[in-house]
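Source file entry_13.cif; content: mmCIF, C-alpha atoms.
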```cif
data_coords
loop_
_atom_site.label_atom_id
_atom_site.label_comp_id
_atom_site.auth_asym_id
_atom_site.auth_seq_id
_atom_site.Cartn_x
_atom_site.Cartn_y
_atom_site.Cartn_z
CA MET A 1 -21.89 -3.56 -66.50
CA MET A 2 -24.32 -0.85 -65.43
CA ARG A 3 -25.34 -0.54 -61.81
CA ARG A 4 -28.88 -1.73 -61.07
CA ASP A 5 -29.92 1.83 -60.12
CA ASP A 6 -28.67 3.23 -63.43
CA ARG A 7 -30.39 0.44 -65.35
CA LEU A 8 -33.69 1.16 -63.57
CA ASP A 9 -33.27 4.91 -64.28
CA GLN A 10 -32.79 4.18 -67.96
CA THR A 11 -35.63 1.65 -68.22
CA PHE A 12 -38.15 3.86 -66.41
CA ALA A 13 -37.14 6.87 -68.56
CA ALA A 14 -37.49 4.82 -71.76
CA LEU A 15 -40.98 3.69 -70.71
CA ALA A 16 -42.15 7.24 -69.89
CA ASN A 17 -43.44 7.74 -73.44
CA SER A 18 -46.61 6.26 -74.91
CA THR A 19 -45.13 5.85 -78.43
CA ARG A 20 -42.24 3.82 -77.02
CA ARG A 21 -44.66 1.68 -75.00
CA ALA A 22 -46.71 1.13 -78.17
CA ILE A 23 -43.56 0.06 -80.05
CA LEU A 24 -42.88 -2.52 -77.33
CA ALA A 25 -46.48 -3.76 -77.50
CA ARG A 26 -46.10 -4.18 -81.27
CA LEU A 27 -42.78 -6.05 -80.88
CA ALA A 28 -44.31 -8.35 -78.27
CA ASN A 29 -46.20 -9.86 -81.24
CA GLY A 30 -43.00 -10.48 -83.19
CA GLU A 31 -40.02 -8.68 -84.72
CA ALA A 32 -40.53 -5.74 -87.09
CA THR A 33 -38.42 -3.41 -89.19
CA VAL A 34 -38.20 0.32 -88.52
CA ASN A 35 -40.44 0.89 -91.57
CA GLU A 36 -43.06 -1.50 -90.24
CA LEU A 37 -42.93 0.22 -86.86
CA ALA A 38 -43.21 3.72 -88.36
CA GLU A 39 -46.38 2.91 -90.32
CA PRO A 40 -49.09 2.63 -87.65
CA PHE A 41 -47.75 5.67 -85.77
CA ASN A 42 -47.91 8.00 -88.76
CA MET A 43 -44.46 9.27 -87.78
CA SER A 44 -41.38 10.17 -89.82
CA LEU A 45 -38.58 7.58 -89.94
CA PRO A 46 -36.14 9.90 -88.06
CA ALA A 47 -38.70 10.42 -85.28
CA ILE A 48 -39.35 6.70 -84.87
CA SER A 49 -35.61 5.95 -85.10
CA LYS A 50 -34.99 8.26 -82.15
CA HIS A 51 -37.51 6.32 -80.04
CA ILE A 52 -35.92 3.04 -81.12
CA LYS A 53 -32.49 4.28 -80.04
CA VAL A 54 -33.81 5.16 -76.58
CA LEU A 55 -35.36 1.69 -76.26
CA GLU A 56 -32.15 0.08 -77.52
CA ARG A 57 -29.95 1.95 -75.02
CA ALA A 58 -32.28 0.79 -72.23
CA GLY A 59 -31.83 -2.80 -73.43
CA LEU A 60 -35.54 -3.11 -74.23
CA ILE A 61 -35.00 -3.92 -77.89
CA THR A 62 -32.16 -5.21 -80.04
CA GLN A 63 -31.77 -4.43 -83.70
CA GLY A 64 -30.41 -6.89 -86.24
CA GLN A 65 -27.11 -6.05 -87.90
CA LYS A 66 -27.93 -6.96 -91.53
CA ALA A 67 -27.98 -3.76 -93.64
CA GLN A 68 -31.39 -2.85 -95.17
CA TYR A 69 -33.32 -5.49 -93.27
CA ARG A 70 -32.58 -4.82 -89.61
CA PRO A 71 -35.55 -6.13 -87.66
CA CYS A 72 -36.13 -4.98 -84.07
CA THR A 73 -36.76 -7.59 -81.39
CA ILE A 74 -38.14 -7.00 -77.89
CA ASP A 75 -35.94 -7.86 -74.93
CA VAL A 76 -38.02 -8.32 -71.79
CA ALA A 77 -35.20 -8.62 -69.22
CA PRO A 78 -35.48 -4.94 -68.15
CA LEU A 79 -39.26 -5.32 -67.85
CA ARG A 80 -38.78 -8.24 -65.50
CA GLU A 81 -36.44 -6.08 -63.42
CA ILE A 82 -39.09 -3.33 -63.26
CA SER A 83 -41.67 -5.92 -62.26
CA ASN A 84 -39.43 -7.19 -59.45
CA TRP A 85 -38.89 -3.61 -58.24
CA THR A 86 -42.65 -2.92 -58.25
CA GLU A 87 -43.49 -6.18 -56.45
CA GLN A 88 -41.93 -4.89 -53.20
CA TYR A 89 -44.90 -2.47 -52.94
CA ARG A 90 -47.57 -5.12 -53.58
CA PRO A 91 -48.12 -5.84 -49.84
CA ILE A 92 -49.00 -2.16 -49.36
CA TRP A 93 -51.62 -1.97 -52.10
CA GLU A 94 -53.05 -5.36 -51.16
CA ALA A 95 -53.37 -4.25 -47.52
CA ARG A 96 -55.17 -1.07 -48.66
CA PHE A 97 -57.50 -3.11 -50.83
CA ASP A 98 -58.28 -5.42 -47.86
CA ARG A 99 -59.10 -2.42 -45.67
CA MET A 100 -61.34 -1.02 -48.39
CA GLU A 101 -63.16 -4.38 -48.59
CA ASP A 102 -63.63 -4.43 -44.80
CA TYR A 103 -65.09 -0.94 -45.00
CA ILE A 104 -67.51 -1.89 -47.78
CA ASN A 105 -68.59 -4.99 -45.82
CA GLN A 106 -69.21 -2.84 -42.74
CA LEU A 107 -71.33 -0.45 -44.78
CA SER A 108 -73.45 -3.26 -46.27
CA ASN A 109 -73.87 -4.85 -42.82
CA LYS A 110 -75.11 -1.54 -41.41
CA GLU A 111 -77.57 -1.29 -44.27
CA LYS A 112 -78.85 -4.81 -43.59
CA ASN A 113 -79.27 -4.06 -39.86
CA SER A 114 -81.23 -0.90 -40.56
CA GLU A 115 -83.65 -2.65 -42.93
CA MET B 1 -59.03 13.02 -64.89
CA MET B 2 -55.76 12.25 -66.67
CA ARG B 3 -55.71 9.73 -69.49
CA ARG B 4 -54.12 6.39 -68.58
CA ASP B 5 -51.29 6.99 -71.08
CA ASP B 6 -50.47 10.37 -69.53
CA ARG B 7 -50.58 8.89 -66.03
CA LEU B 8 -48.18 6.11 -67.06
CA ASP B 9 -45.87 8.71 -68.69
CA GLN B 10 -45.79 10.71 -65.48
CA THR B 11 -45.35 7.72 -63.17
CA PHE B 12 -42.53 6.18 -65.23
CA ALA B 13 -40.77 9.59 -65.46
CA ALA B 14 -41.09 10.10 -61.70
CA LEU B 15 -39.57 6.66 -61.05
CA ALA B 16 -36.61 7.25 -63.41
CA ASN B 17 -34.51 8.65 -60.56
CA SER B 18 -32.83 6.65 -57.80
CA THR B 19 -33.31 9.36 -55.14
CA ARG B 20 -37.04 9.44 -55.81
CA ARG B 21 -37.20 5.62 -55.65
CA ALA B 22 -35.30 5.77 -52.32
CA ILE B 23 -37.81 8.33 -50.99
CA LEU B 24 -40.65 5.94 -51.87
CA ALA B 25 -38.83 3.05 -50.17
CA ARG B 26 -38.46 5.19 -47.04
CA LEU B 27 -42.15 6.17 -47.08
CA ALA B 28 -43.19 2.54 -47.51
CA ASN B 29 -42.09 2.19 -43.85
CA GLY B 30 -44.33 5.06 -42.73
CA GLU B 31 -44.92 8.77 -43.23
CA ALA B 32 -42.05 11.26 -42.88
CA THR B 33 -41.55 15.02 -43.00
CA VAL B 34 -39.43 16.68 -45.68
CA ASN B 35 -36.71 17.23 -43.06
CA GLU B 36 -36.70 13.55 -42.14
CA LEU B 37 -36.50 12.63 -45.82
CA ALA B 38 -33.65 15.08 -46.53
CA GLU B 39 -31.42 13.69 -43.74
CA PRO B 40 -30.30 10.27 -45.09
CA PHE B 41 -29.75 11.66 -48.60
CA ASN B 42 -27.39 14.42 -47.51
CA MET B 43 -29.29 16.77 -49.80
CA SER B 44 -30.41 20.39 -49.43
CA LEU B 45 -34.06 20.97 -48.55
CA PRO B 46 -34.78 22.69 -51.91
CA ALA B 47 -33.28 19.73 -53.80
CA ILE B 48 -35.33 17.17 -51.89
CA SER B 49 -38.45 19.37 -52.18
CA LYS B 50 -38.12 19.31 -55.96
CA HIS B 51 -38.09 15.50 -55.95
CA ILE B 52 -41.09 15.45 -53.63
CA LYS B 53 -43.02 17.74 -56.00
CA VAL B 54 -42.33 15.38 -58.94
CA LEU B 55 -43.56 12.41 -56.88
CA GLU B 56 -46.61 14.38 -55.74
CA ARG B 57 -47.57 15.39 -59.30
CA ALA B 58 -47.34 11.71 -60.30
CA GLY B 59 -49.72 10.85 -57.45
CA LEU B 60 -47.06 8.70 -55.76
CA ILE B 61 -47.08 10.69 -52.52
CA THR B 62 -49.44 13.05 -50.78
CA GLN B 63 -48.32 15.77 -48.40
CA GLY B 64 -50.31 16.77 -45.31
CA GLN B 65 -51.75 20.28 -45.24
CA LYS B 66 -50.88 21.27 -41.65
CA ALA B 67 -48.24 24.08 -41.72
CA GLN B 68 -44.84 23.19 -40.20
CA TYR B 69 -45.61 19.51 -39.80
CA ARG B 70 -46.59 18.34 -43.27
CA PRO B 71 -45.76 14.64 -43.39
CA CYS B 72 -45.45 12.84 -46.75
CA THR B 73 -47.36 9.60 -47.28
CA ILE B 74 -46.82 7.08 -50.04
CA ASP B 75 -49.70 6.40 -52.45
CA VAL B 76 -49.26 3.07 -54.18
CA ALA B 77 -52.11 3.32 -56.72
CA PRO B 78 -49.77 4.42 -59.57
CA LEU B 79 -47.37 1.57 -58.68
CA ARG B 80 -50.19 -0.93 -59.02
CA GLU B 81 -50.97 0.56 -62.45
CA ILE B 82 -47.30 0.13 -63.48
CA SER B 83 -47.37 -3.42 -62.19
CA ASN B 84 -50.50 -4.18 -64.26
CA TRP B 85 -48.84 -2.69 -67.34
CA THR B 86 -45.69 -4.78 -66.81
CA GLU B 87 -47.66 -7.99 -66.22
CA GLN B 88 -48.71 -8.14 -69.89
CA TYR B 89 -45.08 -9.00 -70.73
CA ARG B 90 -44.72 -11.72 -68.09
CA PRO B 91 -45.71 -14.55 -70.50
CA ILE B 92 -42.79 -13.52 -72.74
CA TRP B 93 -40.12 -13.59 -70.05
CA GLU B 94 -41.53 -16.77 -68.53
CA ALA B 95 -41.45 -18.46 -71.96
CA ARG B 96 -37.83 -17.36 -72.39
CA PHE B 97 -36.97 -18.68 -68.95
CA ASP B 98 -38.61 -22.03 -69.81
CA ARG B 99 -36.59 -22.27 -73.03
CA MET B 100 -33.42 -21.46 -71.08
CA GLU B 101 -34.26 -24.24 -68.60
CA ASP B 102 -34.86 -26.70 -71.45
CA TYR B 103 -31.49 -25.76 -72.89
CA ILE B 104 -29.71 -26.24 -69.55
CA ASN B 105 -31.43 -29.62 -69.10
CA GLN B 106 -30.31 -30.66 -72.59
CA LEU B 107 -26.73 -29.66 -71.78
CA SER B 108 -26.68 -31.60 -68.52
CA ASN B 109 -28.25 -34.65 -70.23
CA LYS B 110 -25.55 -34.56 -72.88
CA GLU B 111 -22.93 -34.38 -70.15
CA LYS B 112 -24.47 -37.40 -68.39
CA ASN B 113 -24.56 -39.40 -71.64
CA SER B 114 -20.92 -38.66 -72.38
CA GLU B 115 -19.80 -39.71 -68.90
#
```
Translate the structure of the given file into structure tokens.
Amino acid sequence: MMRRDDRLDQTFAALANSTRRAILARLANGEATVNELAEPFNMSLPAISKHIKVLERAGLITQGQKAQYRPCTIDVAPLREISNWTEQYRPIWEARFDRMEDYINQLSNKEKNSE
Amino acid sequence: MMRRDDRLDQTFAALANSTRRAILARLANGEATVNELAEPFNMSLPAISKHIKVLERAGLITQGQKAQYRPCTIDVAPLREISNWTEQYRPIWEARFDRMEDYINQLSNKEKNSE
């Protein structure tokens, strides 16, 4: 079993590529073979296979074992882990948004008073 | 202005390192100088400075401009963007969790019936 820190390292690294994020978005709509995934990206099969391996190692997709037809399926568990990690910072951005709102309200009050 | 895809690439890559995530966690509690950040990690100043530069390029921290005392501050805007990106997959993991719950309920019902 990988340590949580190592899992997060691997998930974040796998997501740091727009093609890999697009593959996940495609698989969110249902399983697909490597050929089906390669098509919309106008990429060679070896290039797309490399991306799929990175996603597989990070646990973000699983690939069927039947030869020829080996569909890829999304696995969202690592995404949930990333979401949980990110949530710890939500209070900070919500506080900043509240302060920004206060500031905008102050500005519009000043404008009203000077009318 | 960077494209959203490039920003996500850079943010995810910056977060794919446990030391950099620990630096962010430290800065969530308030600003800190590079020296203060280096201390708990038992790392050389050049090593920690490299991590800080990666975080800065990703817009996750800003560093004050005053010479000598240049405190680092967290900037959570890229984290909110990551959170928004991850949220699109929430329906999938919630659906899976619901199915798992159904399955567990079925199992415990079967157990009750066989008692």
Dump as number ranges by chain the residues of chain A that approach chain B to within 12 Å, counting only C-alpha atoms.
A: 3-22, 24-30, 58, 60, 74-97
Can you move chain A onto chain B by a least-squares fit over all C-alpha atoms paired in order, then give me the moved copy as a CSV table (one decimal) with C-alpha atoms, keeping the file's coordinate frame?
```csv
chain,number,residue,atom,x,y,z
A,1,MET,CA,-59.0,13.0,-64.9
A,2,MET,CA,-55.8,12.2,-66.7
A,3,ARG,CA,-55.7,9.7,-69.5
A,4,ARG,CA,-54.1,6.4,-68.6
A,5,ASP,CA,-51.3,7.0,-71.0
A,6,ASP,CA,-50.5,10.4,-69.5
A,7,ARG,CA,-50.6,8.9,-66.0
A,8,LEU,CA,-48.2,6.1,-67.0
A,9,ASP,CA,-45.9,8.7,-68.7
A,10,GLN,CA,-45.8,10.7,-65.5
A,11,THR,CA,-45.3,7.7,-63.1
A,12,PHE,CA,-42.5,6.2,-65.2
A,13,ALA,CA,-40.8,9.6,-65.4
A,14,ALA,CA,-41.1,10.1,-61.7
A,15,LEU,CA,-39.6,6.7,-61.0
A,16,ALA,CA,-36.6,7.3,-63.4
A,17,ASN,CA,-34.5,8.7,-60.5
A,18,SER,CA,-32.8,6.7,-57.8
A,19,THR,CA,-33.3,9.4,-55.1
A,20,ARG,CA,-37.1,9.4,-55.8
A,21,ARG,CA,-37.2,5.6,-55.6
A,22,ALA,CA,-35.3,5.8,-52.3
A,23,ILE,CA,-37.8,8.4,-51.0
A,24,LEU,CA,-40.7,6.0,-51.8
A,25,ALA,CA,-38.8,3.1,-50.1
A,26,ARG,CA,-38.5,5.2,-47.0
A,27,LEU,CA,-42.2,6.2,-47.1
A,28,ALA,CA,-43.2,2.6,-47.5
A,29,ASN,CA,-42.1,2.2,-43.8
A,30,GLY,CA,-44.4,5.1,-42.7
A,31,GLU,CA,-44.9,8.8,-43.2
A,32,ALA,CA,-42.1,11.3,-42.9
A,33,THR,CA,-41.6,15.1,-43.0
A,34,VAL,CA,-39.5,16.7,-45.7
A,35,ASN,CA,-36.7,17.3,-43.0
A,36,GLU,CA,-36.7,13.6,-42.1
A,37,LEU,CA,-36.5,12.7,-45.8
A,38,ALA,CA,-33.7,15.1,-46.5
A,39,GLU,CA,-31.5,13.7,-43.7
A,40,PRO,CA,-30.3,10.3,-45.0
A,41,PHE,CA,-29.8,11.7,-48.5
A,42,ASN,CA,-27.4,14.5,-47.4
A,43,MET,CA,-29.3,16.8,-49.8
A,44,SER,CA,-30.4,20.4,-49.4
A,45,LEU,CA,-34.1,21.0,-48.5
A,46,PRO,CA,-34.8,22.7,-51.9
A,47,ALA,CA,-33.3,19.8,-53.8
A,48,ILE,CA,-35.4,17.2,-51.9
A,49,SER,CA,-38.5,19.4,-52.2
A,50,LYS,CA,-38.1,19.3,-56.0
A,51,HIS,CA,-38.1,15.5,-55.9
A,52,ILE,CA,-41.1,15.5,-53.6
A,53,LYS,CA,-43.0,17.7,-56.0
A,54,VAL,CA,-42.3,15.4,-58.9
A,55,LEU,CA,-43.6,12.4,-56.9
A,56,GLU,CA,-46.6,14.4,-55.7
A,57,ARG,CA,-47.6,15.4,-59.3
A,58,ALA,CA,-47.3,11.7,-60.3
A,59,GLY,CA,-49.7,10.8,-57.4
A,60,LEU,CA,-47.1,8.7,-55.7
A,61,ILE,CA,-47.1,10.7,-52.5
A,62,THR,CA,-49.5,13.1,-50.8
A,63,GLN,CA,-48.3,15.8,-48.4
A,64,GLY,CA,-50.3,16.9,-45.3
A,65,GLN,CA,-51.7,20.4,-45.3
A,66,LYS,CA,-50.9,21.4,-41.7
A,67,ALA,CA,-48.2,24.2,-41.8
A,68,GLN,CA,-44.8,23.3,-40.3
A,69,TYR,CA,-45.6,19.6,-39.9
A,70,ARG,CA,-46.6,18.4,-43.3
A,71,PRO,CA,-45.8,14.7,-43.4
A,72,CYS,CA,-45.5,12.9,-46.7
A,73,THR,CA,-47.4,9.6,-47.3
A,74,ILE,CA,-46.8,7.1,-50.0
A,75,ASP,CA,-49.7,6.4,-52.4
A,76,VAL,CA,-49.3,3.1,-54.2
A,77,ALA,CA,-52.1,3.3,-56.7
A,78,PRO,CA,-49.8,4.4,-59.5
A,79,LEU,CA,-47.4,1.6,-58.7
A,80,ARG,CA,-50.2,-0.9,-59.0
A,81,GLU,CA,-51.0,0.5,-62.4
A,82,ILE,CA,-47.3,0.1,-63.4
A,83,SER,CA,-47.4,-3.4,-62.2
A,84,ASN,CA,-50.5,-4.2,-64.2
A,85,TRP,CA,-48.8,-2.7,-67.3
A,86,THR,CA,-45.7,-4.8,-66.8
A,87,GLU,CA,-47.6,-8.0,-66.2
A,88,GLN,CA,-48.7,-8.2,-69.8
A,89,TYR,CA,-45.0,-9.0,-70.7
A,90,ARG,CA,-44.7,-11.7,-68.1
A,91,PRO,CA,-45.7,-14.6,-70.5
A,92,ILE,CA,-42.8,-13.5,-72.7
A,93,TRP,CA,-40.1,-13.6,-70.0
A,94,GLU,CA,-41.5,-16.8,-68.5
A,95,ALA,CA,-41.4,-18.5,-71.9
A,96,ARG,CA,-37.8,-17.4,-72.4
A,97,PHE,CA,-36.9,-18.7,-68.9
A,98,ASP,CA,-38.6,-22.1,-69.8
A,99,ARG,CA,-36.6,-22.3,-73.0
A,100,MET,CA,-33.4,-21.5,-71.1
A,101,GLU,CA,-34.2,-24.3,-68.6
A,102,ASP,CA,-34.8,-26.8,-71.5
A,103,TYR,CA,-31.5,-25.8,-72.9
A,104,ILE,CA,-29.7,-26.3,-69.6
A,105,ASN,CA,-31.4,-29.7,-69.2
A,106,GLN,CA,-30.3,-30.8,-72.7
A,107,LEU,CA,-26.7,-29.8,-71.9
A,108,SER,CA,-26.7,-31.8,-68.6
A,109,ASN,CA,-28.2,-34.8,-70.3
A,110,LYS,CA,-25.5,-34.7,-73.0
A,111,GLU,CA,-22.9,-34.6,-70.3
A,112,LYS,CA,-24.4,-37.6,-68.5
A,113,ASN,CA,-24.5,-39.5,-71.8
A,114,SER,CA,-20.9,-38.8,-72.6
A,115,GLU,CA,-19.7,-40.0,-69.1
```
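Applied to the file shown here, the PyMOL selection byres ((chain A and resi 69) around 12) selects the residues Glu31, Ala32, Thr33, Val34, Asn35, Glu36, Gln63, Gly64, Gln65, Lys66, Ala67, Gln68, Arg70, Pro71 and Cys72 of chain A.
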Item to complete: Could you please determine the separation between CA of Ile48 (chain A) and CA of Met2 (chain B) in Å, to one decimal place?
Response: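 We find that CA of Ile48 (chain A) and CA of Met2 (chain B) lie 25.1 Å from each other.
CA of Leu55 (chain B) lies 17.9 Å from CA of Pro40 (chain B).
One distance worth recording is that between CA of Thr73 (chain B) and CA of Met100 (chain A), which is 17.6 Å.
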